$ cat start-v9.csv   # CSV, C-alpha atoms and all ligand atoms
chain,number,residue,atom,x,y,z
A,471,MET,CA,-17.6,-9.4,-37.9
A,472,LYS,CA,-17.0,-6.3,-40.0
A,473,LEU,CA,-13.5,-4.8,-40.6
A,474,ILE,CA,-13.7,-1.1,-41.3
A,475,THR,CA,-10.5,0.9,-42.2
A,476,ASN,CA,-12.1,4.1,-43.4
A,477,ILE,CA,-13.1,6.9,-41.0
A,478,ASN,CA,-16.2,8.0,-42.9
A,479,GLU,CA,-17.4,4.4,-43.2
A,480,MET,CA,-17.0,4.0,-39.4
A,481,ARG,CA,-18.9,7.2,-38.7
A,482,GLN,CA,-21.7,6.2,-41.0
A,483,PHE,CA,-21.9,2.7,-39.4
A,484,SER,CA,-22.2,4.3,-35.9
A,485,SER,CA,-24.8,6.9,-37.0
A,486,ASP,CA,-26.9,4.2,-38.6
A,487,ALA,CA,-26.7,2.0,-35.5
A,488,LYS,CA,-27.7,5.0,-33.3
A,489,LYS,CA,-30.6,5.8,-35.6
A,490,ALA,CA,-31.7,2.2,-35.2
A,491,GLY,CA,-31.7,2.6,-31.4
A,492,LYS,CA,-28.7,0.5,-30.8
A,493,SER,CA,-26.1,1.2,-28.1
A,494,ILE,CA,-22.4,1.1,-28.9
A,495,VAL,CA,-19.7,-0.2,-26.6
A,496,PHE,CA,-16.1,0.6,-27.5
A,497,VAL,CA,-12.8,-1.0,-26.6
A,498,PRO,CA,-9.9,1.1,-28.0
A,499,THR,CA,-6.6,-0.9,-28.4
A,500,MET,CA,-3.3,-0.8,-30.1
A,501,GLY,CA,-3.6,-4.4,-31.1
A,502,CYS,CA,-1.3,-7.3,-30.2
A,503,LEU,CA,-4.2,-8.5,-28.2
A,504,HIS,CA,-3.9,-10.6,-25.1
A,505,GLU,CA,-6.2,-11.9,-22.3
A,506,GLY,CA,-6.3,-8.4,-20.8
A,507,HIS,CA,-8.0,-7.1,-23.9
A,508,ALA,CA,-10.2,-10.2,-24.0
A,509,SER,CA,-11.5,-9.5,-20.5
A,510,LEU,CA,-12.4,-5.9,-21.7
A,511,LEU,CA,-14.2,-7.4,-24.7
A,512,LYS,CA,-16.1,-10.0,-22.6
A,513,LYS,CA,-17.1,-7.3,-20.2
A,514,GLY,CA,-18.1,-4.9,-23.0
A,515,ARG,CA,-20.1,-7.5,-24.9
A,516,LYS,CA,-22.6,-7.6,-22.0
A,517,LEU,CA,-23.0,-3.9,-21.8
A,518,GLY,CA,-24.6,-2.9,-25.0
A,519,ASP,CA,-25.8,-3.9,-28.5
A,520,ILE,CA,-22.8,-3.3,-30.7
A,521,LEU,CA,-19.3,-4.0,-29.7
A,522,VAL,CA,-16.6,-2.0,-31.6
A,523,MET,CA,-12.9,-2.5,-31.1
A,524,SER,CA,-10.3,-0.2,-32.6
A,525,ILE,CA,-6.8,-1.4,-33.5
A,526,PHE,CA,-4.5,1.5,-34.1
A,527,VAL,CA,-0.9,1.9,-33.0
A,528,ASN,CA,-1.1,5.6,-32.4
A,529,PRO,CA,2.1,7.3,-33.5
A,530,ILE,CA,1.6,10.5,-31.6
A,531,GLN,CA,1.7,8.8,-28.2
A,532,PHE,CA,5.2,7.6,-28.7
A,533,GLY,CA,8.2,9.8,-28.1
A,534,PRO,CA,10.9,10.2,-30.7
A,535,LYS,CA,13.2,7.7,-29.0
A,536,GLU,CA,10.4,5.3,-28.0
A,537,ASP,CA,9.3,1.9,-29.4
A,538,TYR,CA,6.7,2.9,-32.1
A,539,ALA,CA,8.5,1.0,-34.8
A,540,LEU,CA,9.1,-2.0,-32.6
A,541,TYR,CA,5.6,-2.0,-31.1
A,542,PRO,CA,4.3,-5.6,-31.8
A,543,ARG,CA,1.7,-5.8,-34.6
A,544,ASP,CA,-0.3,-9.0,-35.6
A,545,LEU,CA,-3.6,-8.0,-37.3
A,546,LYS,CA,-4.4,-11.6,-38.3
A,547,LYS,CA,-4.2,-12.9,-34.8
A,548,ASP,CA,-6.0,-9.8,-33.4
A,549,LEU,CA,-8.9,-10.4,-35.8
A,550,ALA,CA,-9.2,-14.0,-34.7
A,551,LEU,CA,-9.3,-13.0,-31.0
A,552,ALA,CA,-11.9,-10.3,-31.8
A,553,GLU,CA,-14.1,-12.8,-33.6
A,554,VAL,CA,-13.9,-15.3,-30.7
A,555,ASN,CA,-14.9,-12.5,-28.4
A,556,LYS,CA,-17.9,-11.6,-30.5
A,557,VAL,CA,-16.8,-8.2,-31.6
A,558,ASP,CA,-19.2,-6.7,-34.2
A,559,VAL,CA,-16.8,-4.2,-35.8
A,560,VAL,CA,-13.0,-3.9,-35.8
A,561,PHE,CA,-12.0,-0.3,-36.7
A,562,ASN,CA,-8.4,-0.3,-38.1
A,563,PRO,CA,-7.7,3.1,-39.6
A,564,LEU,CA,-4.6,4.2,-41.4
A,565,ALA,CA,-2.2,6.6,-39.6
A,566,GLU,CA,-2.3,8.9,-42.7
A,567,GLU,CA,-6.1,9.2,-42.5
A,568,MET,CA,-6.0,9.8,-38.7
A,569,TYR,CA,-3.2,12.4,-39.0
A,570,PRO,CA,-3.3,14.0,-42.4
A,571,ASP,CA,-0.7,16.6,-43.3
A,572,ASN,CA,-0.9,19.7,-41.2
A,573,PHE,CA,-2.8,18.0,-38.4
A,574,GLN,CA,-2.5,20.4,-35.4
A,575,ALA,CA,-5.2,19.9,-32.8
A,576,ALA,CA,-4.4,18.3,-29.4
A,577,ILE,CA,-6.1,17.6,-26.1
A,578,GLU,CA,-4.1,18.0,-22.9
A,579,VAL,CA,-5.4,17.1,-19.4
A,580,GLU,CA,-3.0,19.4,-17.6
A,581,LYS,CA,-2.5,18.6,-13.9
A,582,LEU,CA,-2.9,14.9,-14.2
A,583,ASN,CA,-0.2,15.1,-16.8
A,584,ASN,CA,2.4,16.1,-14.2
A,585,HIS,CA,2.8,12.8,-12.5
A,586,LEU,CA,4.0,9.2,-12.8
A,587,CYS,CA,4.7,8.2,-16.5
A,588,SER,CA,4.4,11.8,-17.8
A,589,ILE,CA,7.8,12.6,-16.2
A,590,SER,CA,9.7,10.3,-18.5
A,591,ARG,CA,7.1,10.3,-21.4
A,592,PRO,CA,6.3,14.1,-21.6
A,593,GLY,CA,4.0,14.1,-24.7
A,594,HIS,CA,2.5,10.6,-24.1
A,595,PHE,CA,-0.8,11.4,-22.5
A,596,LYS,CA,-1.4,14.3,-24.9
A,597,GLY,CA,-1.2,11.8,-27.7
A,598,VAL,CA,-3.4,9.3,-25.9
A,599,ALA,CA,-6.1,11.9,-25.0
A,600,THR,CA,-6.1,13.3,-28.6
A,601,VAL,CA,-6.4,9.9,-30.3
A,602,VAL,CA,-9.1,8.7,-27.8
A,603,ALA,CA,-11.1,12.0,-28.4
A,604,LYS,CA,-10.8,11.4,-32.2
A,605,LEU,CA,-11.9,7.8,-31.8
A,606,PHE,CA,-14.8,8.8,-29.6
A,607,ASN,CA,-15.9,11.3,-32.3
A,608,ILE,CA,-15.7,8.7,-35.0
A,609,VAL,CA,-17.1,5.6,-33.2
A,610,LYS,CA,-19.6,7.6,-31.1
A,611,PRO,CA,-19.7,5.0,-28.3
A,612,ASP,CA,-22.2,5.1,-25.4
A,613,ILE,CA,-19.7,3.2,-23.2
A,614,ALA,CA,-15.9,2.8,-23.5
A,615,LEU,CA,-13.8,0.4,-21.5
A,616,PHE,CA,-10.2,1.0,-20.3
A,617,GLY,CA,-8.0,-1.3,-18.3
A,618,GLU,CA,-6.7,-0.4,-14.9
A,619,LYS,CA,-3.1,-1.5,-15.7
A,620,ASP,CA,-2.7,1.8,-17.5
A,621,TYR,CA,-4.0,3.6,-14.4
A,622,GLN,CA,-2.9,7.1,-15.3
A,623,GLN,CA,-4.4,6.8,-18.7
A,624,LEU,CA,-7.7,5.7,-17.2
A,625,VAL,CA,-7.8,8.7,-14.8
A,626,ILE,CA,-6.8,11.1,-17.6
A,627,ILE,CA,-9.5,9.8,-20.0
A,628,ARG,CA,-12.1,10.1,-17.3
A,629,ARG,CA,-11.1,13.7,-16.6
A,630,MET,CA,-11.1,14.5,-20.3
A,631,VAL,CA,-14.7,13.1,-20.6
A,632,ARG,CA,-15.9,15.0,-17.6
A,633,ASP,CA,-14.2,18.3,-18.4
A,634,LEU,CA,-15.2,18.3,-22.1
A,635,ASN,CA,-18.8,16.9,-21.5
A,636,MET,CA,-18.2,14.0,-23.8
A,637,ASP,CA,-21.3,11.8,-24.0
A,638,VAL,CA,-19.6,8.5,-23.1
A,639,LYS,CA,-19.5,6.5,-20.0
A,640,VAL,CA,-16.0,5.3,-19.1
A,641,ILE,CA,-15.9,1.9,-17.4
A,642,PRO,CA,-12.7,0.5,-15.9
A,643,ALA,CA,-11.7,-3.1,-15.9
A,644,PRO,CA,-9.3,-4.8,-13.5
A,645,ILE,CA,-5.7,-5.8,-14.3
A,646,VAL,CA,-5.4,-9.3,-15.8
A,647,ARG,CA,-2.4,-11.2,-14.6
A,648,GLU,CA,-0.6,-14.2,-16.1
A,649,LYS,CA,-0.4,-17.3,-13.8
A,650,ASP,CA,2.9,-16.2,-12.4
A,651,GLY,CA,1.5,-12.8,-11.5
A,652,ILE,CA,3.0,-10.7,-14.3
A,653,ALA,CA,0.5,-8.1,-15.5
A,654,MET,CA,-0.7,-8.8,-19.1
A,655,SER,CA,0.9,-6.4,-21.6
A,656,SER,CA,1.5,-6.4,-25.3
A,657,ARG,CA,5.1,-5.6,-24.5
A,658,ASN,CA,5.6,-8.9,-22.5
A,659,ILE,CA,6.2,-10.8,-25.8
A,660,ARG,CA,9.5,-8.8,-26.1
A,661,LEU,CA,10.8,-10.3,-22.9
A,662,GLY,CA,13.2,-13.3,-23.1
A,663,ILE,CA,13.0,-16.1,-20.6
A,664,GLU,CA,15.5,-14.6,-18.2
A,665,ASP,CA,13.9,-11.1,-18.6
A,666,ARG,CA,10.5,-12.6,-17.6
A,667,GLN,CA,12.0,-13.8,-14.3
A,668,THR,CA,13.3,-10.4,-13.7
A,669,ALA,CA,10.0,-8.7,-14.6
A,670,LEU,CA,8.2,-10.9,-12.2
A,671,LEU,CA,9.8,-9.0,-9.3
A,672,ILE,CA,7.5,-6.1,-10.1
A,673,SER,CA,4.2,-8.0,-9.3
A,674,LYS,CA,6.0,-9.7,-6.4
A,675,SER,CA,7.0,-6.4,-4.9
A,676,LEU,CA,3.4,-5.0,-5.3
A,677,LYS,CA,2.0,-8.1,-3.6
A,678,ARG,CA,4.4,-7.8,-0.7
A,679,ALA,CA,3.4,-4.1,-0.3
A,680,LYS,CA,-0.3,-5.0,-0.3
A,681,LYS,CA,0.4,-7.6,2.4
A,682,LEU,CA,2.0,-5.0,4.6
A,683,PHE,CA,-0.8,-2.6,3.8
A,684,ASP,CA,-3.4,-5.2,4.8
A,685,GLU,CA,-1.4,-5.7,8.0
A,686,LYS,CA,-2.0,-1.9,8.6
A,687,GLU,CA,1.2,-0.3,7.4
A,688,ARG,CA,0.0,3.1,6.2
A,689,ARG,CA,3.3,5.0,5.8
A,690,SER,CA,4.1,5.3,2.1
A,691,ASN,CA,7.8,5.6,2.6
A,692,MET,CA,7.9,2.2,4.4
A,693,LEU,CA,5.8,0.5,1.6
A,694,ILE,CA,7.9,2.2,-1.1
A,695,SER,CA,11.2,1.2,0.4
A,696,GLU,CA,10.0,-2.4,0.6
A,697,VAL,CA,9.1,-2.4,-3.1
A,698,LYS,CA,12.4,-0.8,-4.0
A,699,SER,CA,14.4,-3.3,-2.1
A,700,ILE,CA,12.7,-6.2,-3.9
A,701,LEU,CA,13.2,-4.5,-7.2
A,702,SER,CA,16.8,-3.8,-6.6
A,703,SER,CA,17.6,-7.5,-5.8
A,704,ASP,CA,18.1,-8.0,-9.6
A,705,THR,CA,20.5,-5.6,-11.3
A,706,ARG,CA,18.9,-6.4,-14.6
A,707,LEU,CA,15.9,-4.4,-13.6
A,708,ARG,CA,16.0,-0.5,-13.7
A,709,THR,CA,13.4,1.1,-11.6
A,710,GLU,CA,11.9,4.3,-13.1
A,711,TYR,CA,9.5,5.2,-10.3
A,712,VAL,CA,7.8,3.7,-7.3
A,713,GLN,CA,5.0,6.0,-6.1
A,714,ILE,CA,2.0,5.9,-3.9
A,715,VAL,CA,-0.6,8.4,-5.2
A,716,ASP,CA,-4.1,9.5,-4.6
A,717,LYS,CA,-6.4,7.5,-6.8
A,718,ASP,CA,-8.0,10.5,-8.4
A,719,SER,CA,-5.5,13.4,-8.2
A,720,LEU,CA,-2.5,11.2,-8.7
A,721,LYS,CA,-0.6,13.4,-6.2
A,722,ASP,CA,1.9,11.7,-3.9
A,723,VAL,CA,0.4,10.5,-0.6
A,724,SER,CA,2.7,10.2,2.5
A,725,LEU,CA,0.2,8.6,4.8
A,726,ILE,CA,-2.6,6.5,3.4
A,727,THR,CA,-5.9,7.6,4.9
A,728,GLY,CA,-8.2,6.9,1.9
A,729,SER,CA,-7.8,5.4,-1.5
A,730,ALA,CA,-4.4,5.2,-3.0
A,731,VAL,CA,-2.6,3.4,-5.8
A,732,LEU,CA,0.9,2.1,-5.6
A,733,ALA,CA,2.4,2.4,-9.1
A,734,VAL,CA,5.6,1.2,-10.5
A,735,ALA,CA,7.4,1.7,-13.8
A,736,ALA,CA,10.6,-0.3,-14.5
A,737,TRP,CA,12.8,-1.3,-17.4
A,738,VAL,CA,14.0,-4.9,-18.2
A,739,GLY,CA,16.5,-4.5,-21.0
A,740,GLU,CA,14.8,-2.3,-23.6
A,741,VAL,CA,11.2,-3.1,-22.4
A,742,ARG,CA,9.4,-0.6,-20.2
A,743,LEU,CA,6.8,-2.2,-17.9
A,744,ILE,CA,4.2,-0.6,-15.7
A,745,ASP,CA,2.0,-2.2,-13.0
A,746,ASN,CA,0.0,-1.0,-10.0
A,747,ILE,CA,-2.0,-2.2,-7.0
A,748,LYS,CA,-4.9,-0.5,-5.2
A,749,LEU,CA,-4.3,0.4,-1.6
A,750,TYR,CA,-7.9,1.2,-0.5
A,751,ILE,CA,-8.9,1.5,3.1
A,801,LIG,O1,-4.1,1.6,-24.0
A,801,LIG,C1,-3.9,1.7,-25.2
A,801,LIG,O2,-3.8,0.6,-25.8
A,801,LIG,C2,-3.8,3.0,-25.9
A,801,LIG,O3,-3.1,4.0,-25.1
A,801,LIG,C3,-5.1,3.6,-26.4
A,801,LIG,C4,-6.1,3.8,-25.3
A,801,LIG,C5,-5.7,2.5,-27.4
A,801,LIG,C6,-4.9,4.9,-27.2
A,801,LIG,O4,-4.0,4.7,-28.3
$ encode --input "start-v9.csv" --output "structure tokens"
Amino acid sequence: MKLITNINEMRQFSSDAKKAGKSIVFVPTMGCLHEGHASLLKKGRKLGDILVMSIFVNPIQFGPKEDYALYPRDLKKDLALAEVNKVDVVFNPLAEEMYPDNFQAAIEVEKLNNHLCSISRPGHFKGVATVVAKLFNIVKPDIALFGEKDYQQLVIIRRMVRDLNMDVKVIPAPIVREKDGIAMSSRNIRLGIEDRQTALLISKSLKRAKKLFDEKERRSNMLISEVKSILSSDTRLRTEYVQIVDKDSLKDVSLITGSAVLAVAAWVGEVRLIDNIKLYI
């Protein structure tokens, strides 16, 4: 496995691979890898010749009051997990090289940026789209994988790729859950034992809503109020939003007649967690 920290070296590696007729599969990450990332790598490994994973905690997708400094980092552990999952190249650039002085460009996917997490994290997806576009330009992947846990991110990246005619196929991968149901997230390690019990309410409430949906409840307000009542059973949990949205436009849906996603964001202490479940007819 090769570790590349320099942008030009990564570009050269990818150009050479392409010239040699190899396909490149890419898994962008912010490190602190867990089984959710491993599932993306396992899936990606089968889809092409060269598997590249980036590890880059992207400063421009964190707001001024957010957890950029606290975001967990463990390069040694990440490299070991990358090796086990047969990654060919780990790209780990420096923030100063990604964003030199006077960096000004940005990509914004406008309407999709008016929903869900964007309300409380206004510049977040602009930062995500910009870094992913940069990474695509550097790594030149044929295929890129994104997890469905960050559902809005997936929809925004897909739209960016379509609208800007980027030559990369975006492939989603399902949410990976821990045994107790909690969605895998790098932020979970910041939860104490008691916090974890509280956080569990999120996946429990989604499961309950899915059960009601499977029993033919199609009214969003009924499903949402069920989720909210489960979440409010523990005062340690602060709900940010519970919404049922169209799977592509991310607009609120009042009666589910097609494919929708029930998405939740909630805080346990200082840790912000998101999760979602598909409600597809
Ligand atoms: O999902 C993430 O880890 C990040 O948002 C991404 C896609 C690597 C961009 O920084």
$ residues_around --input "start-v9.csv" --residues "A:Ser724" --least-positions-apart "6" --cutoff "10 Å" --atoms "only C-alpha atoms" --output "list in words"
Arg688, Arg689, Ser690, Asn691, Met692, Gln713, Ile714, Val715 and Asp716 of chain A
$ write_last_selection --input "start-v9.csv" --atoms "C-alpha atoms" --output "compact mmCIF listing (two decimals), in the frame of the given file"
# COMPACT_ATOMS: atom_id res chain seq x y z
CA ARG A 688 0.00 3.10 6.20
CA ARG A 689 3.30 5.00 5.80
CA SER A 690 4.10 5.30 2.10
CA ASN A 691 7.80 5.60 2.60
CA MET A 692 7.90 2.20 4.40
CA GLN A 713 5.00 6.00 -6.10
CA ILE A 714 2.00 5.90 -3.90
CA VAL A 715 -0.60 8.40 -5.20
CA ASP A 716 -4.10 9.50 -4.60
$ residues_near_ligand --input "start-v9.csv" --ligand "ligand LIG 801 (chain A)" --cutoff "8 Å" --atoms "only C-alpha atoms and all ligand atoms" --output "MDAnalysis selection string"
chainID A and resid 497:501 524:528 531 597:599 601:602 616:617 620 623
$ atom_distance --input "start-v9.csv" --atom1 "atom CA of A:Ala552" --atom2 "atom CA of A:Arg666"
26.6 Å
$ residues_near_point --input "start-v9.csv" --point "(-15.5, -7.7, -30.3)" --cutoff "8 Å" --atoms "all atoms listed in the file" --output "PDB file with C-alpha atoms, in the frame of the given file"
ATOM      1  CA  LEU A 511     -14.200  -7.400 -24.700  1.00  0.00           C
ATOM      2  CA  ARG A 515     -20.100  -7.500 -24.900  1.00  0.00           C
ATOM      3  CA  LEU A 521     -19.300  -4.000 -29.700  1.00  0.00           C
ATOM      4  CA  VAL A 522     -16.600  -2.000 -31.600  1.00  0.00           C
ATOM      5  CA  MET A 523     -12.900  -2.500 -31.100  1.00  0.00           C
ATOM      6  CA  ALA A 552     -11.900 -10.300 -31.800  1.00  0.00           C
ATOM      7  CA  GLU A 553     -14.100 -12.800 -33.600  1.00  0.00           C
ATOM      8  CA  VAL A 554     -13.900 -15.300 -30.700  1.00  0.00           C
ATOM      9  CA  ASN A 555     -14.900 -12.500 -28.400  1.00  0.00           C
ATOM     10  CA  LYS A 556     -17.900 -11.600 -30.500  1.00  0.00           C
ATOM     11  CA  VAL A 557     -16.800  -8.200 -31.600  1.00  0.00           C
ATOM     12  CA  ASP A 558     -19.200  -6.700 -34.200  1.00  0.00           C
ATOM     13  CA  VAL A 559     -16.800  -4.200 -35.800  1.00  0.00           C
ATOM     14  CA  VAL A 560     -13.000  -3.900 -35.800  1.00  0.00           C
TER      15      VAL A 560
END
$ atom_distance --input "start-v9.csv" --atom1 "atom CA of A:Arg543" --atom2 "atom CA of A:Leu605"
19.4 Å
$ closest_residue --input "start-v9.csv" --among "A:Lys639, A:Lys698, A:Lys748, A:Lys604" --to "A:Lys681" --atoms "all atoms listed in the file"
A:Lys748
$ atom_distance --input "start-v9.csv" --atom1 "atom CA of A:Lys546" --atom2 "atom CA of A:Lys492"
28.2 Å
$ closest_residue --input "start-v9.csv" --among "A:Tyr711, A:Tyr621, A:Tyr750, A:Tyr569" --to "A:Trp737" --atoms "all atoms listed in the file"
A:Tyr711
$ residues_around --input "start-v9.csv" --residues "A:Asp665" --least-positions-apart "5" --cutoff "8 Å" --atoms "only C-alpha atoms" --output "PDB file with C-alpha atoms, keeping the file's coordinate frame"
ATOM      1  CA  ARG A 706      18.900  -6.400 -14.600  1.00  0.00           C
ATOM      2  CA  VAL A 738      14.000  -4.900 -18.200  1.00  0.00           C
ATOM      3  CA  GLY A 739      16.500  -4.500 -21.000  1.00  0.00           C
TER       4      GLY A 739
END
$ closest_residue --input "start-v9.csv" --among "A:Ser484, A:Thr727, A:Ser673, A:Thr475" --to "A:Lys686" --atoms "only C-alpha atoms"
A:Thr727
$ closest_residue --input "start-v9.csv" --among "A:Ser655, A:Val741, A:Glu685, A:Gln622" --to "A:Thr668" --atoms "only C-alpha atoms"
A:Val741
$ decode --input "start-v9.csv" --residues "stretch 578-606 of chain A" --atoms "N, CA and C atoms" --output "PDB file, in the first residue's frame"
ATOM      1  N   GLU A 578     -21.364  25.150  -5.133  1.00  0.00           N
ATOM      2  CA  GLU A 578     -22.585  25.110  -4.325  1.00  0.00           C
ATOM      3  C   GLU A 578     -23.695  24.456  -5.148  1.00  0.00           C
ATOM      4  N   VAL A 579     -24.322  23.456  -4.556  1.00  0.00           N
ATOM      5  CA  VAL A 579     -25.473  22.814  -5.197  1.00  0.00           C
ATOM      6  C   VAL A 579     -26.679  23.456  -4.530  1.00  0.00           C
ATOM      7  N   GLU A 580     -27.312  24.384  -5.261  1.00  0.00           N
ATOM      8  CA  GLU A 580     -28.138  25.377  -4.564  1.00  0.00           C
ATOM      9  C   GLU A 580     -29.383  24.849  -3.849  1.00  0.00           C
ATOM     10  N   LYS A 581     -30.348  24.275  -4.617  1.00  0.00           N
ATOM     11  CA  LYS A 581     -31.631  23.970  -3.959  1.00  0.00           C
ATOM     12  C   LYS A 581     -31.507  22.851  -2.939  1.00  0.00           C
ATOM     13  N   LEU A 582     -30.704  21.853  -3.247  1.00  0.00           N
ATOM     14  CA  LEU A 582     -30.550  20.728  -2.306  1.00  0.00           C
ATOM     15  C   LEU A 582     -29.894  21.187  -1.015  1.00  0.00           C
ATOM     16  N   ASN A 583     -29.337  22.372  -1.094  1.00  0.00           N
ATOM     17  CA  ASN A 583     -28.654  22.936   0.063  1.00  0.00           C
ATOM     18  C   ASN A 583     -29.608  23.727   0.969  1.00  0.00           C
ATOM     19  N   ASN A 584     -30.928  23.636   0.680  1.00  0.00           N
ATOM     20  CA  ASN A 584     -31.874  24.399   1.512  1.00  0.00           C
ATOM     21  C   ASN A 584     -32.633  23.524   2.504  1.00  0.00           C
ATOM     22  N   HIS A 585     -32.172  22.299   2.685  1.00  0.00           N
ATOM     23  CA  HIS A 585     -32.944  21.360   3.496  1.00  0.00           C
ATOM     24  C   HIS A 585     -32.114  20.732   4.613  1.00  0.00           C
ATOM     25  N   LEU A 586     -32.792  19.973   5.445  1.00  0.00           N
ATOM     26  CA  LEU A 586     -32.189  19.099   6.458  1.00  0.00           C
ATOM     27  C   LEU A 586     -30.993  19.733   7.180  1.00  0.00           C
ATOM     28  N   CYS A 587     -29.808  19.144   7.031  1.00  0.00           N
ATOM     29  CA  CYS A 587     -28.642  19.603   7.812  1.00  0.00           C
ATOM     30  C   CYS A 587     -28.196  21.017   7.442  1.00  0.00           C
ATOM     31  N   SER A 588     -28.527  21.467   6.227  1.00  0.00           N
ATOM     32  CA  SER A 588     -28.048  22.796   5.798  1.00  0.00           C
ATOM     33  C   SER A 588     -28.611  23.913   6.665  1.00  0.00           C
ATOM     34  N   ILE A 589     -29.759  23.666   7.280  1.00  0.00           N
ATOM     35  CA  ILE A 589     -30.392  24.736   8.061  1.00  0.00           C
ATOM     36  C   ILE A 589     -29.508  25.110   9.254  1.00  0.00           C
ATOM     37  N   SER A 590     -28.994  24.078   9.934  1.00  0.00           N
ATOM     38  CA  SER A 590     -28.141  24.396  11.096  1.00  0.00           C
ATOM     39  C   SER A 590     -26.662  24.470  10.724  1.00  0.00           C
ATOM     40  N   ARG A 591     -26.312  23.953   9.535  1.00  0.00           N
ATOM     41  CA  ARG A 591     -24.888  23.962   9.127  1.00  0.00           C
ATOM     42  C   ARG A 591     -24.796  24.655   7.762  1.00  0.00           C
ATOM     43  N   PRO A 592     -24.995  25.974   7.726  1.00  0.00           N
ATOM     44  CA  PRO A 592     -25.173  26.684   6.454  1.00  0.00           C
ATOM     45  C   PRO A 592     -24.076  26.466   5.394  1.00  0.00           C
ATOM     46  N   GLY A 593     -22.811  26.490   5.762  1.00  0.00           N
ATOM     47  CA  GLY A 593     -21.778  26.368   4.712  1.00  0.00           C
ATOM     48  C   GLY A 593     -21.274  24.949   4.507  1.00  0.00           C
ATOM     49  N   HIS A 594     -21.863  24.015   5.248  1.00  0.00           N
ATOM     50  CA  HIS A 594     -21.300  22.661   5.294  1.00  0.00           C
ATOM     51  C   HIS A 594     -21.198  21.988   3.915  1.00  0.00           C
ATOM     52  N   PHE A 595     -22.309  21.960   3.180  1.00  0.00           N
ATOM     53  CA  PHE A 595     -22.289  21.202   1.927  1.00  0.00           C
ATOM     54  C   PHE A 595     -21.520  21.917   0.815  1.00  0.00           C
ATOM     55  N   LYS A 596     -21.386  23.233   0.950  1.00  0.00           N
ATOM     56  CA  LYS A 596     -20.527  23.967   0.025  1.00  0.00           C
ATOM     57  C   LYS A 596     -19.084  23.470   0.225  1.00  0.00           C
ATOM     58  N   GLY A 597     -18.703  23.313   1.477  1.00  0.00           N
ATOM     59  CA  GLY A 597     -17.367  22.804   1.812  1.00  0.00           C
ATOM     60  C   GLY A 597     -17.180  21.366   1.354  1.00  0.00           C
ATOM     61  N   VAL A 598     -18.237  20.568   1.511  1.00  0.00           N
ATOM     62  CA  VAL A 598     -18.151  19.162   1.096  1.00  0.00           C
ATOM     63  C   VAL A 598     -18.035  19.082  -0.431  1.00  0.00           C
ATOM     64  N   ALA A 599     -18.932  19.784  -1.134  1.00  0.00           N
ATOM     65  CA  ALA A 599     -18.922  19.712  -2.610  1.00  0.00           C
ATOM     66  C   ALA A 599     -17.577  20.215  -3.146  1.00  0.00           C
ATOM     67  N   THR A 600     -17.058  21.271  -2.553  1.00  0.00           N
ATOM     68  CA  THR A 600     -15.791  21.846  -3.028  1.00  0.00           C
ATOM     69  C   THR A 600     -14.643  20.856  -2.829  1.00  0.00           C
ATOM     70  N   VAL A 601     -14.566  20.249  -1.658  1.00  0.00           N
ATOM     71  CA  VAL A 601     -13.437  19.329  -1.434  1.00  0.00           C
ATOM     72  C   VAL A 601     -13.591  18.069  -2.289  1.00  0.00           C
ATOM     73  N   VAL A 602     -14.836  17.596  -2.443  1.00  0.00           N
ATOM     74  CA  VAL A 602     -15.016  16.374  -3.245  1.00  0.00           C
ATOM     75  C   VAL A 602     -14.662  16.664  -4.709  1.00  0.00           C
ATOM     76  N   ALA A 603     -15.037  17.838  -5.202  1.00  0.00           N
ATOM     77  CA  ALA A 603     -14.664  18.207  -6.584  1.00  0.00           C
ATOM     78  C   ALA A 603     -13.136  18.259  -6.711  1.00  0.00           C
ATOM     79  N   LYS A 604     -12.472  18.853  -5.734  1.00  0.00           N
ATOM     80  CA  LYS A 604     -11.000  18.916  -5.762  1.00  0.00           C
ATOM     81  C   LYS A 604     -10.411  17.496  -5.746  1.00  0.00           C
ATOM     82  N   LEU A 605     -10.944  16.662  -4.852  1.00  0.00           N
ATOM     83  CA  LEU A 605     -10.422  15.291  -4.756  1.00  0.00           C
ATOM     84  C   LEU A 605     -10.650  14.525  -6.066  1.00  0.00           C
ATOM     85  N   PHE A 606     -11.818  14.734  -6.673  1.00  0.00           N
ATOM     86  CA  PHE A 606     -12.083  14.077  -7.967  1.00  0.00           C
ATOM     87  C   PHE A 606     -11.062  14.545  -9.015  1.00  0.00           C
TER      88      PHE A 606
END
